[in-house]
Every structure is written in C-alpha cells, then in structure tokens.
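Student: First, the structure itself, so that you have it in front of you.
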Amino acid sequence: MSIVSQSPYVDMKALKKGEVNLGTSIMAIKFKDGVILGADSRTSMGAMVANRVTDKLTKVHDNIWCCRSGSAADTQAVSEYVRLYLDQYKINYGREPTPKTAAALFRKLCYENKNVLTAGIICAGFDEKTGGEIYSIPIGGSVHKQDYAIAGSGSSYIYGLCNTHYKQEMSQDEAVEFVKMSLTQAIRWDGSSGGCIRMVILTKNGVERLLFTPQEYQLN
Amino acid sequence: MTSIGTGYDLSNSVFSPDGRVFQVEYAGKAVENGSTSIGIRCKDGIVLAVEKITVSKLLKLGANKRIQTVDKHVGVVYSGMNPDGRHIVTRSREEARHWRDQFREQMPIPTLAANVASYVQLYTVYNSVRPFGVNTIIGGVDDEGSHLYMIDPSGKSWGYRGAASGRGRQTVNNELEKLDFDKLTAAEAVKEAARILYVAHEDNKDKDFELEISWVTEANGRVHEFVPESLLAEAKIYAEEQLDADVEG
Amino acid sequence: MAGLSFDNYRRNKSLEASGVLPPKTTSTGTTIVGCKFNGGVILSADTRATAGMVVADKNCLKLHRLAPNIWCAGAGTASDNDKVTELESSQLEIHSQWTGRAPRVVTALTHLKQHLFKYQGHVGAYLIIAGVDVTGSHLFSLHAHGSTDVGPYLALGSGSMAALSVLESKWKEDLTKEEAMELCSEAIMAGVFNDLASGSNVDLCVIEKGKPSRLHRGYKQPNQRLQKQRNYNFDIGTTSYFEAGSEVFYISKQSDLETSAMEVDQVS
C-alpha cells in the first residue's frame, strides 16, 4: 500500500513526480471454522517507508473485514463507506448483512468510481449459514468468490506456492501457519512489502487478532 | 360509515374534526367492492388466489392475469382498482430490483412490505394526489421463512396467516379462521383457497368467474408461479364437491 | 459560496502553457513529530518556512490549535495548512457547542480526512493530529490525499527521516512527560540540523489529560544570533564635512496639512 497509489496497473503519468510504484501483500483464506485475513504492515511513499506497522485489515462490520491494497487514501475512504452502509443496513432492516452483501457494496463503489480509484480489496467474512466467504475485488471492480484470495504486488510471488499448498478444511493452526508461510515468502521476494504480519481470524466465536514481528516469522 | 364528509372529504391533507381523513376511507370503499382475493401462509409456503368476475363474454379466458410476480420469490394480488394495483406492483418490482442491485440478495419480504406501505402512505398526505384504491396482499418465502402481508389504502401493513380482501372478504375470513395454518400444506391450501372462493361466490352466483391461484413453496425452490394446471383443475373439482356437499348437507 | 473556487483553473492552465510561471507557494519544508507519553501526548515542530531556496520565515508557528484539547502540526503547503486548520477549528467549536461536549480527536481526524480526500491531494496539508478526549489520548497522522495512520510516535515532513531516526532509536514505552518532551525536541533538532528545508527553533505543545494544553513557543532555540565579536558602526567624524545646520519650519494652520475643501461660490 502506498500513500499516493500503487499496483502494477497504475498509469505512471497519474503518479506524482518522484513517486515510485510500490505495494502490499495481502490474502484471505477459508478454513474449517471460518476465515483468516492476513497482511504485511508496510506503507510506502515513494521510496520511503511511511509506516512500518500499518493495519491493512479493516473492520467493515462485526463479522466482515477487508484487506486493503492500492492507495491508502482510496481504500480507507471506500471501506469507511462500506462500513457506513453495513451499519445502516443493520439498523434499518434489523438483520446482519452477509459477506456477499459487503462484497456487493465494495463492488459498487469500486466499479462506479473506477476512473478515480486505485483500490484492490479482499472482502472476507464469517457467516453462520455459509461458514465464511471470501470475495476478491481487484482494480476495475469485478467480484470473484474464492476459497482463498491473494492480492497486492507481493502476491505475484506466491501464486504457485498458495496453489500448491492450500487445502480445504484446514484446522485453525494449519491455516494460520499457511497464511504466515505464504506472506513470509511474499514479503521476502517483494521489496515493497515488509514489516510485521497481521492476521484476523473470524469464526463463530468472534474475532481474534494475531501479530507476528519479523523476528517471529522470518525463517532465518 | 355513518357520517359523510360535509366538506372535509375534498382533501387528503385535511382532517375532519373527529380525526378522519375521508379520502382514505373512500379509497377503502373502492376496495370493498373489488374482486375477492385471498392469501394463505401455510406450513411450507404461501398461496395467493383471486376470483376474477367475467365482466364480458368477449374477454379471453386466461388472459388478463391478476396475480403478478414482484421478484423471483414474491407474488402480489390485490382487490380494488386494477390500474392502481398494477402501479403498486411496478413500484414493488423497483424496490426489489434496487435491493438486488445494491446488496446482491433477495429482498426480505417484511422490508419489501414496509417499503411498499411507506409508498402507499405518501399518497395519503398530499393534496395533489389521491390514495390508492386497492388492498395489496404480498406473499413470498425468503431466508427467514414464509411471509404474508396486506397493505390497505392508508398505508397500514399487517402480517397475516390468512388474509382476505374485496367483496367476499367476510365470508372468506369466516372460512379462513377454520383452517389450521401450522398443519396445512401448500397443496392443501390451494384446494382450500379454491373452495373458499367458491363459497364466497355463492353471494354473487349470477356472474361467471375465473380462478387464479399462485404459490411460493419450499418444494418449488421458493419461486412464485401459478400452480400447475392439474392442481388447479383438482382444486376446482374439490371446491365444487365440497360446495355440493354443503348444499346437500 | 464557501470552499475553494476553481473558476480560474482553465485560464491558469493556459497561461502556464504559454510560458507564464505560476506563483510559488510557501512550503513548510518541515520537520514535525508527535509522541504519546503516560499522561498525554506531545506535538513538536521546527519553525522554518521556505519559498523555493529562500527562507520565507525564520520563526513561523506550525502548531495549530484545533480545539483546547486537540492540536495539530502541519507540513506541506503553509497556506493550505493555515486554512484547513482554521476551518476545522471553527467547525469543531460549532460541533462542540451543538453537542455540549468537548470534541473528540477522531472527529477532527475524520472530518479533515474527508475534506482532504475530496480535494484529491490538491489541498497540500500533511498533518499530525494529537489530543486528549473522553476516550483517552490519541495520536494520528494525515496525508494530503486523505489517508491516516495511527502510532505511539509519528514524524512527517522533509525532515521526518532525520526525526524518525531519533524516535526509532530512543523511544520506549511509558515515557514520562519530561522524557517525551526531550525526545520530541531532540527529534526536531535532528531535522533542524540535517534537513535543509527545516531550521531555526523548536516549538512544542504538551496536551495532558485533565490539564490545559501548554504551547512552548521557542522551546529550544539552537540558532540564536550571537553577539558579533566586533561592532561595525563607524565612529562619528569618520567622514569629513564642511558645514552643519538645521532649519525650523512652522505650521501655521492645521488645515494646511489637510486636503482643502472644495471651493464653492459664496452666497452672502
């Protein structure tokens, strides 16, 4: 994630003078009891690390969270809107919104404002009925329902890794280990990802947050 | 209604001294003389039915449908002024479509009924419009179960197990009260609806009528559709048999 | 109408294209920091304002009061910082009169970020916002495009790397007020001495729970002009002259000094 904008698809002329195109590593996976969201913690501004302990895992409702990549300002604004809409949904209609509805709102904002936004979002939520759902909403505003999703510049390095090692119905410990291992590799090979690994675990028991410092996750 | 407007019945936006809005009550009169319609919320879904008086021999049978689909899982039937009813159906469809577009899910029926009722209510507070001359029965099945609502011209929306509106409503209500809604299956409810409409038609025997029955059930995948021809025919036979039995008994 | 006017945007663009140089903005090429301590939060800033390569102001104030309990430090375009903080402080005052409560830091933050996001980075305000409210003490940074960050210590501006080097190496948890003041001023001084666009003095503001906020203007003044070793005034009589004297003028009437009244025909 960067202050002005990021992702390999950005028009370089749209970036400010001196700004370098940098990125993020984010992912979300389904496991036996729910979903896990994971992210690195680096925010950059050109070649400078603007924040080394960023929280890119953002709550949009009690049981629905998102991973943000792209422009920090754009993704913060979009997720604030989605949070507002989901809160209104709960108040007006007296029922919990589903992760699918959250993804629909993200899609609506990202698609209808695609000309001005640089936002790549993974929306994930726990739902008693479905046991958890993951939607990827890349730049452009399409929606992809997946068992696991990876995004951000660092994700390019772990497509094969995740494809090979992801299993359905993992236990929570296995799932945490899988996310940690995948993001460790993304951070290792992507210069613009770094810092800590943050995770949010969504199950029927609620929300659990994890933090791994570089000392804790690095293999060497 | 005992009293008349005495000048207070010309405007929507004026109360009479005893706290009534006469235009809304007059709209109710339009409903009372409308064709009889029924909604039943049974064990595994909902059934909608309407008695269509054949006002002219030239009308084509089976055309001029009165029960309409609002969304895949919701149906509507109404008594009163048919053009007003169609307008409300159009509005209901817009509500359901907007919800789908926004949230990518089927609109919850209680919310749909509440929104349509709000719309109907708006037509009771402005001087430049008149209230709708219909009672609207909305029924369907969603994730929370089956729902049946009836909205009157004042914008009042109540949830029902069995709802009746139009000319034969009193007879129908008497019959509906005898039903055990917890045990009744949708297929049984179709037959009962037919029978009840036949009973209600007894007061109006000189006129021919058509029967229209639709349902939304768990078994048919929560889709609002007209009941199969075979079931409708079966229901008619059942209704006639019951009626004959009553007459003989 | 309130807000910014873009009436001359296209005209200015075509003037620029035809070679007319746009006016320079005064930038607070700056070092600002914020740091939490066990009883509240501290903001600190240098005092240099630049216009291109020129020091426009040697002792400008970059700490702004948004509310009695919420302050912010600004980097980026000086005018945008001044205006955006002035606007926000009046909004917060009105808001707190409506609600009858002291404003919250997140209220200021959210309002400012929505304003800056709306202008897509064209309002060049980069702020560190700090304050105490009913929910505790808070420290946020806010970039011109509308993104926000949270942290126990933060630095912004061209001297932020220098300041951060101090903060990263010396910050620890549960600082006392005095330790935090020392840490902040040291971080700013790192910017003052190592960043060309930062300089002059250190301003510092302490916001504490249950106490009035205190602004230390010129908390550190490491660049005072020293007494010159020699006096360069010329002695009287250094230049020779032939004659000295003076003349005295008398003003006879006050009206001679004023504009005379319009002449009109006298009617006797």
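Letters for chains follow the order of the structure tokens (A, B, ...), residue numbers begin at 1 for each chain, and ligand numbers begin at 1 in the order shown.
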Excluding stretch 65-80 of chain C and its own-chain neighbours fewer than 3 positions away, which residues fall within 8 Å of it when counting only C-alpha atoms? Please give them as a PyMOL selection string.

Tutor: chain C and resi 25-33+43-45+49+62+83-86+88-90+92-93+102-105+108+123-133+156-157+207+212-213

Student: Can I get the selected residues back with C-alpha atoms, as a PDB file, in the first residue's frame?

Tutor:
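Okay, this is what ended up in selection26.pdb:
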ATOM      1  CA  THR C  25       3.723  28.579  -2.759  1.00  0.00           C
ATOM      2  CA  THR C  26       5.370  28.944   0.611  1.00  0.00           C
ATOM      3  CA  SER C  27       6.148  25.458   1.750  1.00  0.00           C
ATOM      4  CA  THR C  28       6.813  24.435   5.282  1.00  0.00           C
ATOM      5  CA  GLY C  29       9.552  22.013   4.166  1.00  0.00           C
ATOM      6  CA  THR C  30       9.397  20.813   7.638  1.00  0.00           C
ATOM      7  CA  THR C  31      10.098  18.505  10.497  1.00  0.00           C
ATOM      8  CA  ILE C  32       7.131  17.711  12.709  1.00  0.00           C
ATOM      9  CA  VAL C  33       6.724  14.951  15.265  1.00  0.00           C
ATOM     10  CA  LEU C  43       3.489  17.689  19.374  1.00  0.00           C
ATOM     11  CA  SER C  44       6.631  19.389  18.199  1.00  0.00           C
ATOM     12  CA  ALA C  45       7.780  21.286  15.087  1.00  0.00           C
ATOM     13  CA  ALA C  49       9.190  28.356   6.204  1.00  0.00           C
ATOM     14  CA  LYS C  62       3.498  25.230  12.686  1.00  0.00           C
ATOM     15  CA  LYS C  83      -6.658  27.495   6.103  1.00  0.00           C
ATOM     16  CA  VAL C  84      -7.580  23.876   6.686  1.00  0.00           C
ATOM     17  CA  THR C  85      -6.802  24.087  10.412  1.00  0.00           C
ATOM     18  CA  GLU C  86      -8.630  27.400  10.755  1.00  0.00           C
ATOM     19  CA  GLU C  88     -11.525  22.765  11.174  1.00  0.00           C
ATOM     20  CA  SER C  89     -11.149  24.639  14.442  1.00  0.00           C
ATOM     21  CA  SER C  90     -14.307  26.640  13.790  1.00  0.00           C
ATOM     22  CA  LEU C  92     -15.088  21.752  15.925  1.00  0.00           C
ATOM     23  CA  GLU C  93     -16.145  24.723  18.036  1.00  0.00           C
ATOM     24  CA  ALA C 102     -15.542  18.617  24.290  1.00  0.00           C
ATOM     25  CA  PRO C 103     -14.743  17.453  20.747  1.00  0.00           C
ATOM     26  CA  ARG C 104     -13.056  14.100  20.133  1.00  0.00           C
ATOM     27  CA  VAL C 105      -9.798  13.649  18.279  1.00  0.00           C
ATOM     28  CA  ALA C 108     -11.343  16.184  13.886  1.00  0.00           C
ATOM     29  CA  VAL C 123      -5.005  20.757  -0.718  1.00  0.00           C
ATOM     30  CA  GLY C 124      -1.426  20.115   0.364  1.00  0.00           C
ATOM     31  CA  ALA C 125      -1.856  19.626   4.086  1.00  0.00           C
ATOM     32  CA  TYR C 126       0.143  16.902   5.842  1.00  0.00           C
ATOM     33  CA  LEU C 127      -0.827  16.870   9.489  1.00  0.00           C
ATOM     34  CA  ILE C 128      -0.014  15.177  12.744  1.00  0.00           C
ATOM     35  CA  ILE C 129      -3.066  15.405  14.945  1.00  0.00           C
ATOM     36  CA  ALA C 130      -2.868  14.897  18.703  1.00  0.00           C
ATOM     37  CA  GLY C 131      -5.209  15.378  21.572  1.00  0.00           C
ATOM     38  CA  VAL C 132      -6.950  14.046  24.632  1.00  0.00           C
ATOM     39  CA  ASP C 133     -10.661  13.419  24.896  1.00  0.00           C
ATOM     40  CA  LEU C 156       6.149  13.972   8.945  1.00  0.00           C
ATOM     41  CA  GLY C 157       7.748  16.450   6.543  1.00  0.00           C
ATOM     42  CA  ILE C 207      -1.548  18.050  25.829  1.00  0.00           C
ATOM     43  CA  PRO C 212      -4.931  22.890  29.963  1.00  0.00           C
ATOM     44  CA  SER C 213      -2.747  22.367  26.896  1.00  0.00           C
TER      45      SER C 213
END

Student: Write out as a PyMOL selection string all residues of stretch 1-210 of chain A that DSSP puts in helix (DSSP H, G or I) for this structure's backbone.

Tutor: chain A and resi 12-14+72-93+99-112+153-165+172-189

Student: Per residue of stretch 126-157 of chain A within 12 Å of stretch 161-168 of chain A, which atom pair is closest and at what distance in Å (one decimal), using only C-alpha atoms, listed by chain and increasing number, as JSON lines?

Tutor:
{"residue": "A:Gln146", "atom": "CA", "partner": "A:Gln168", "partner_atom": "CA", "distance": 11.6}
{"residue": "A:Asp147", "atom": "CA", "partner": "A:Gln168", "partner_atom": "CA", "distance": 7.9}
{"residue": "A:Tyr148", "atom": "CA", "partner": "A:Tyr166", "partner_atom": "CA", "distance": 8.1}
{"residue": "A:Ala149", "atom": "CA", "partner": "A:Cys162", "partner_atom": "CA", "distance": 9.3}
{"residue": "A:Ile150", "atom": "CA", "partner": "A:Cys162", "partner_atom": "CA", "distance": 8.6}
{"residue": "A:Ala151", "atom": "CA", "partner": "A:Cys162", "partner_atom": "CA", "distance": 11.8}
{"residue": "A:Ser155", "atom": "CA", "partner": "A:Cys162", "partner_atom": "CA", "distance": 9.5}
{"residue": "A:Ser156", "atom": "CA", "partner": "A:Leu161", "partner_atom": "CA", "distance": 10.1}
{"residue": "A:Tyr157", "atom": "CA", "partner": "A:Leu161", "partner_atom": "CA", "distance": 8.0}

Student: Could you find all residues in stretch 137-177 of chain A that DSSP calls strand (DSSP E or B) from the backbone, and write them as a PDB file with N, CA and C atoms, in the first residue's frame?

Tutor:
ATOM      1  N   ILE A 137     -11.979  -8.284  -4.870  1.00  0.00           N
ATOM      2  CA  ILE A 137     -12.459  -7.197  -5.735  1.00  0.00           C
ATOM      3  C   ILE A 137     -11.240  -6.422  -6.224  1.00  0.00           C
ATOM      4  N   HIS A 144     -14.862 -11.731  -7.374  1.00  0.00           N
ATOM      5  CA  HIS A 144     -14.513 -13.142  -7.546  1.00  0.00           C
ATOM      6  C   HIS A 144     -14.644 -13.851  -6.219  1.00  0.00           C
ATOM      7  N   LYS A 145     -15.564 -14.810  -6.152  1.00  0.00           N
ATOM      8  CA  LYS A 145     -15.733 -15.607  -4.928  1.00  0.00           C
ATOM      9  C   LYS A 145     -14.722 -16.729  -4.961  1.00  0.00           C
ATOM     10  N   GLN A 146     -13.936 -16.829  -3.908  1.00  0.00           N
ATOM     11  CA  GLN A 146     -12.837 -17.798  -3.913  1.00  0.00           C
ATOM     12  C   GLN A 146     -12.714 -18.495  -2.565  1.00  0.00           C
ATOM     13  N   TYR A 148      -9.661 -19.131  -1.415  1.00  0.00           N
ATOM     14  CA  TYR A 148      -8.634 -18.251  -0.849  1.00  0.00           C
ATOM     15  C   TYR A 148      -8.336 -17.176  -1.886  1.00  0.00           C
ATOM     16  N   ALA A 149      -7.882 -16.027  -1.425  1.00  0.00           N
ATOM     17  CA  ALA A 149      -7.566 -14.933  -2.349  1.00  0.00           C
ATOM     18  C   ALA A 149      -6.251 -14.300  -1.932  1.00  0.00           C
ATOM     19  N   ILE A 150      -5.435 -13.943  -2.933  1.00  0.00           N
ATOM     20  CA  ILE A 150      -4.202 -13.201  -2.653  1.00  0.00           C
ATOM     21  C   ILE A 150      -4.196 -11.960  -3.528  1.00  0.00           C
ATOM     22  N   ALA A 151      -3.597 -10.882  -3.038  1.00  0.00           N
ATOM     23  CA  ALA A 151      -3.574  -9.639  -3.814  1.00  0.00           C
ATOM     24  C   ALA A 151      -2.420  -8.755  -3.367  1.00  0.00           C
TER      25      ALA A 151
END

Student: Give the answer as one residue: which of B:Ser92, B:Ser154, B:Ser214, B:Asn204 has the shortest atom-to-atom distance to B:Thr124, using only C-alpha atoms?

Tutor: B:Ser154

Student: Just want the 9 Å neighbourhood of stretch 169-175 of chain A, counted on only C-alpha atoms, with same-chain residues fewer than 5 positions away dropped. Output as a ChimeraX atom specification.

Tutor: /A:29-36,180,201

Student: Applying 12 Å and only C-alpha atoms, which residues near B:Asn220 remain after dropping the ones on its own chain fewer than 3 positions away? List them as a list in words.

Tutor: Asp44, Gly45, Ile46, Lys72, His73, Val141, Ala186, Ala187, Ser214, Trp215, Val216, Thr217, Val223, His224, Glu225, Phe226, Val227 and Pro228 of chain B

Student: Take the residues that were just selected and, keeping N, CA, C and O atoms, output them as a PDB file, in the first residue's frame.

Tutor:
ATOM      1  N   ASP B  44     -45.481 -24.751   4.558  1.00  0.00           N
ATOM      2  CA  ASP B  44     -44.279 -24.780   3.720  1.00  0.00           C
ATOM      3  C   ASP B  44     -44.294 -23.732   2.617  1.00  0.00           C
ATOM      4  O   ASP B  44     -43.633 -23.895   1.601  1.00  0.00           O
ATOM      5  N   GLY B  45     -45.073 -22.661   2.800  1.00  0.00           N
ATOM      6  CA  GLY B  45     -45.054 -21.598   1.787  1.00  0.00           C
ATOM      7  C   GLY B  45     -46.271 -20.703   1.888  1.00  0.00           C
ATOM      8  O   GLY B  45     -46.915 -20.643   2.930  1.00  0.00           O
ATOM      9  N   ILE B  46     -46.567 -20.024   0.796  1.00  0.00           N
ATOM     10  CA  ILE B  46     -47.739 -19.168   0.759  1.00  0.00           C
ATOM     11  C   ILE B  46     -48.526 -19.435  -0.527  1.00  0.00           C
ATOM     12  O   ILE B  46     -47.959 -19.879  -1.535  1.00  0.00           O
ATOM     13  N   LYS B  72     -38.408 -12.992  -7.925  1.00  0.00           N
ATOM     14  CA  LYS B  72     -38.454 -14.448  -8.042  1.00  0.00           C
ATOM     15  C   LYS B  72     -39.246 -15.093  -6.900  1.00  0.00           C
ATOM     16  O   LYS B  72     -40.014 -16.029  -7.121  1.00  0.00           O
ATOM     17  N   HIS B  73     -39.069 -14.564  -5.707  1.00  0.00           N
ATOM     18  CA  HIS B  73     -39.617 -15.229  -4.521  1.00  0.00           C
ATOM     19  C   HIS B  73     -40.866 -14.545  -3.952  1.00  0.00           C
ATOM     20  O   HIS B  73     -41.320 -14.904  -2.869  1.00  0.00           O
ATOM     21  N   VAL B 141     -41.558 -16.400   0.105  1.00  0.00           N
ATOM     22  CA  VAL B 141     -40.690 -17.145   1.015  1.00  0.00           C
ATOM     23  C   VAL B 141     -39.268 -16.627   0.853  1.00  0.00           C
ATOM     24  O   VAL B 141     -38.776 -16.501  -0.268  1.00  0.00           O
ATOM     25  N   ALA B 186     -49.023 -26.502   1.334  1.00  0.00           N
ATOM     26  CA  ALA B 186     -49.346 -25.572   0.253  1.00  0.00           C
ATOM     27  C   ALA B 186     -50.354 -26.188  -0.704  1.00  0.00           C
ATOM     28  O   ALA B 186     -51.297 -25.528  -1.157  1.00  0.00           O
ATOM     29  N   ALA B 187     -50.172 -27.488  -1.017  1.00  0.00           N
ATOM     30  CA  ALA B 187     -51.087 -28.158  -1.949  1.00  0.00           C
ATOM     31  C   ALA B 187     -52.507 -28.166  -1.386  1.00  0.00           C
ATOM     32  O   ALA B 187     -53.487 -27.954  -2.120  1.00  0.00           O
ATOM     33  N   SER B 214     -51.783 -18.870  -7.280  1.00  0.00           N
ATOM     34  CA  SER B 214     -50.319 -18.986  -7.398  1.00  0.00           C
ATOM     35  C   SER B 214     -49.748 -19.373  -6.042  1.00  0.00           C
ATOM     36  O   SER B 214     -50.440 -19.296  -5.028  1.00  0.00           O
ATOM     37  N   TRP B 215     -48.497 -19.762  -6.034  1.00  0.00           N
ATOM     38  CA  TRP B 215     -47.849 -20.113  -4.760  1.00  0.00           C
ATOM     39  C   TRP B 215     -46.354 -19.883  -4.792  1.00  0.00           C
ATOM     40  O   TRP B 215     -45.748 -19.732  -5.859  1.00  0.00           O
ATOM     41  N   VAL B 216     -45.782 -19.844  -3.586  1.00  0.00           N
ATOM     42  CA  VAL B 216     -44.328 -19.916  -3.401  1.00  0.00           C
ATOM     43  C   VAL B 216     -44.121 -20.951  -2.308  1.00  0.00           C
ATOM     44  O   VAL B 216     -44.664 -20.791  -1.206  1.00  0.00           O
ATOM     45  N   THR B 217     -43.386 -22.014  -2.607  1.00  0.00           N
ATOM     46  CA  THR B 217     -43.182 -23.046  -1.582  1.00  0.00           C
ATOM     47  C   THR B 217     -41.717 -23.439  -1.504  1.00  0.00           C
ATOM     48  O   THR B 217     -40.931 -23.140  -2.408  1.00  0.00           O
ATOM     49  N   VAL B 223     -40.020 -20.238  -5.600  1.00  0.00           N
ATOM     50  CA  VAL B 223     -40.299 -19.438  -6.797  1.00  0.00           C
ATOM     51  C   VAL B 223     -41.788 -19.113  -6.844  1.00  0.00           C
ATOM     52  O   VAL B 223     -42.626 -19.999  -6.615  1.00  0.00           O
ATOM     53  N   HIS B 224     -42.113 -17.860  -7.126  1.00  0.00           N
ATOM     54  CA  HIS B 224     -43.527 -17.509  -7.260  1.00  0.00           C
ATOM     55  C   HIS B 224     -43.997 -17.874  -8.654  1.00  0.00           C
ATOM     56  O   HIS B 224     -43.445 -17.395  -9.647  1.00  0.00           O
ATOM     57  N   GLU B 225     -45.030 -18.726  -8.726  1.00  0.00           N
ATOM     58  CA  GLU B 225     -45.538 -19.166 -10.033  1.00  0.00           C
ATOM     59  C   GLU B 225     -46.993 -19.602  -9.877  1.00  0.00           C
ATOM     60  O   GLU B 225     -47.447 -19.885  -8.754  1.00  0.00           O
ATOM     61  N   PHE B 226     -47.696 -19.645 -10.996  1.00  0.00           N
ATOM     62  CA  PHE B 226     -49.055 -20.171 -10.948  1.00  0.00           C
ATOM     63  C   PHE B 226     -48.988 -21.662 -10.674  1.00  0.00           C
ATOM     64  O   PHE B 226     -48.041 -22.338 -11.116  1.00  0.00           O
ATOM     65  N   VAL B 227     -49.996 -22.167  -9.933  1.00  0.00           N
ATOM     66  CA  VAL B 227     -49.963 -23.602  -9.605  1.00  0.00           C
ATOM     67  C   VAL B 227     -50.172 -24.386 -10.898  1.00  0.00           C
ATOM     68  O   VAL B 227     -50.784 -23.884 -11.844  1.00  0.00           O
ATOM     69  N   PRO B 228     -49.675 -25.620 -10.965  1.00  0.00           N
ATOM     70  CA  PRO B 228     -49.818 -26.413 -12.192  1.00  0.00           C
ATOM     71  C   PRO B 228     -51.284 -26.564 -12.585  1.00  0.00           C
ATOM     72  O   PRO B 228     -52.150 -26.634 -11.702  1.00  0.00           O
TER      73      PRO B 228
END

Student: Can you pull out every residue within 7 Å of stretch 15-24 of chain B, counting only C-alpha atoms, but drop anything in the same chain fewer than 2 positions away, and send it as a ChimeraX atom specification?

Tutor: /B:5,8-9,11-13,26-28,124,131,153-154

Student: Excluding A:Asp74 and any residue of its chain fewer than 3 positions from it, enumerate the residues within 12 Å of it, using only C-alpha atoms, and give them as a VMD selection string.

Tutor: (chain A and resid 1 to 6 68 to 71 77 to 81 106 109 to 110 113 to 121 139) or (chain C and resid 113 to 114 116 to 118 120 to 121 143 to 148)

Student: Excluding same-chain residues fewer than 2 positions from C:Lys170, what lies within 12 Å of it counting only C-alpha atoms, as a list in words?

Tutor: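 The contact residues come out as Cys35, Tyr153, Ala163, Leu164, Ser165, Val166, Leu167, Glu168, Lys172, Glu173, Leu175, Glu179, Ala180, Glu182, Leu183, Cys184, Glu186 and Ala187 of chain C.
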
Student: How far is it from atom CA of C:His138 to atom CA of C:Thr107, in Å with one decimal?

Tutor: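 So the two atoms, atom CA of C:His138 and atom CA of C:Thr107, lie 11.5 Å apart.
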
Student: Using only C-alpha atoms, which of A:Gln215, A:Ser153, A:Thr98, A:Thr24 sits nearest A:Ala72?

Tutor: A:Thr24

Student: Could you check the closest approach to chain A for each of B:Met107, B:Leu232, B:Ile88, B:Ile40 and tell me which residue wins, using only C-alpha atoms?

Tutor: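 Residue with the minimum atom-to-atom distance to chain A: B:Met107.
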
Student: Considering only C-alpha atoms, give me a table of residues in chain A that are at most 8 Å from chain B, with the closest atom pair and distance in Å for each, as JSON lines.

Tutor:
{"residue": "A:Tyr93", "atom": "CA", "partner": "B:Thr111", "partner_atom": "CA", "distance": 6.8}
{"residue": "A:Lys100", "atom": "CA", "partner": "B:Arg104", "partner_atom": "CA", "distance": 7.0}
{"residue": "A:Thr101", "atom": "CA", "partner": "B:Phe103", "partner_atom": "CA", "distance": 4.6}
{"residue": "A:Ala102", "atom": "CA", "partner": "B:Phe103", "partner_atom": "CA", "distance": 7.4}
{"residue": "A:Ala104", "atom": "CA", "partner": "B:Phe103", "partner_atom": "CA", "distance": 5.6}
{"residue": "A:Leu105", "atom": "CA", "partner": "B:Gln102", "partner_atom": "CA", "distance": 6.6}
{"residue": "A:Lys108", "atom": "CA", "partner": "B:Gln102", "partner_atom": "CA", "distance": 7.6}

Student: Filtering to N, CA, C and O atoms, could you give me those residues as a PDB file, in the first residue's frame?

Tutor:
ATOM      1  N   TYR A  93     -32.814  -2.538   8.716  1.00  0.00           N
ATOM      2  CA  TYR A  93     -33.516  -3.769   8.397  1.00  0.00           C
ATOM      3  C   TYR A  93     -33.438  -4.805   9.510  1.00  0.00           C
ATOM      4  O   TYR A  93     -33.965  -5.916   9.371  1.00  0.00           O
ATOM      5  N   LYS A 100     -21.479 -11.464   1.347  1.00  0.00           N
ATOM      6  CA  LYS A 100     -21.809 -11.258  -0.065  1.00  0.00           C
ATOM      7  C   LYS A 100     -22.331  -9.841  -0.286  1.00  0.00           C
ATOM      8  O   LYS A 100     -21.969  -9.173  -1.263  1.00  0.00           O
ATOM      9  N   THR A 101     -23.169  -9.385   0.635  1.00  0.00           N
ATOM     10  CA  THR A 101     -23.690  -8.019   0.535  1.00  0.00           C
ATOM     11  C   THR A 101     -22.557  -7.002   0.680  1.00  0.00           C
ATOM     12  O   THR A 101     -22.505  -6.011  -0.050  1.00  0.00           O
ATOM     13  N   ALA A 102     -21.642  -7.264   1.622  1.00  0.00           N
ATOM     14  CA  ALA A 102     -20.491  -6.365   1.791  1.00  0.00           C
ATOM     15  C   ALA A 102     -19.688  -6.297   0.496  1.00  0.00           C
ATOM     16  O   ALA A 102     -19.303  -5.217   0.041  1.00  0.00           O
ATOM     17  N   ALA A 104     -20.787  -6.854  -2.477  1.00  0.00           N
ATOM     18  CA  ALA A 104     -21.584  -6.133  -3.477  1.00  0.00           C
ATOM     19  C   ALA A 104     -21.417  -4.629  -3.321  1.00  0.00           C
ATOM     20  O   ALA A 104     -21.349  -3.891  -4.305  1.00  0.00           O
ATOM     21  N   LEU A 105     -21.329  -4.174  -2.077  1.00  0.00           N
ATOM     22  CA  LEU A 105     -21.147  -2.734  -1.832  1.00  0.00           C
ATOM     23  C   LEU A 105     -19.744  -2.285  -2.243  1.00  0.00           C
ATOM     24  O   LEU A 105     -19.577  -1.225  -2.858  1.00  0.00           O
ATOM     25  N   LYS A 108     -19.764  -2.085  -5.983  1.00  0.00           N
ATOM     26  CA  LYS A 108     -20.499  -0.923  -6.472  1.00  0.00           C
ATOM     27  C   LYS A 108     -19.619   0.332  -6.423  1.00  0.00           C
ATOM     28  O   LYS A 108     -19.504   1.064  -7.399  1.00  0.00           O
TER      29      LYS A 108
END

Student: Would you compute the distance between atom CA of C:Gly52 and atom CA of C:Lys24? Give it in Å to one decimal.

Tutor: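 Computed distance, atom CA of C:Gly52 to atom CA of C:Lys24, equals 7.4 Å.
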
Student: In Å, with one decimal, what is the gap from atom CA of B:Phe181 to atom CA of B:Cys42?

Tutor: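 Atom-to-atom, atom CA of B:Phe181 to atom CA of B:Cys42, that is 5.0 Å.
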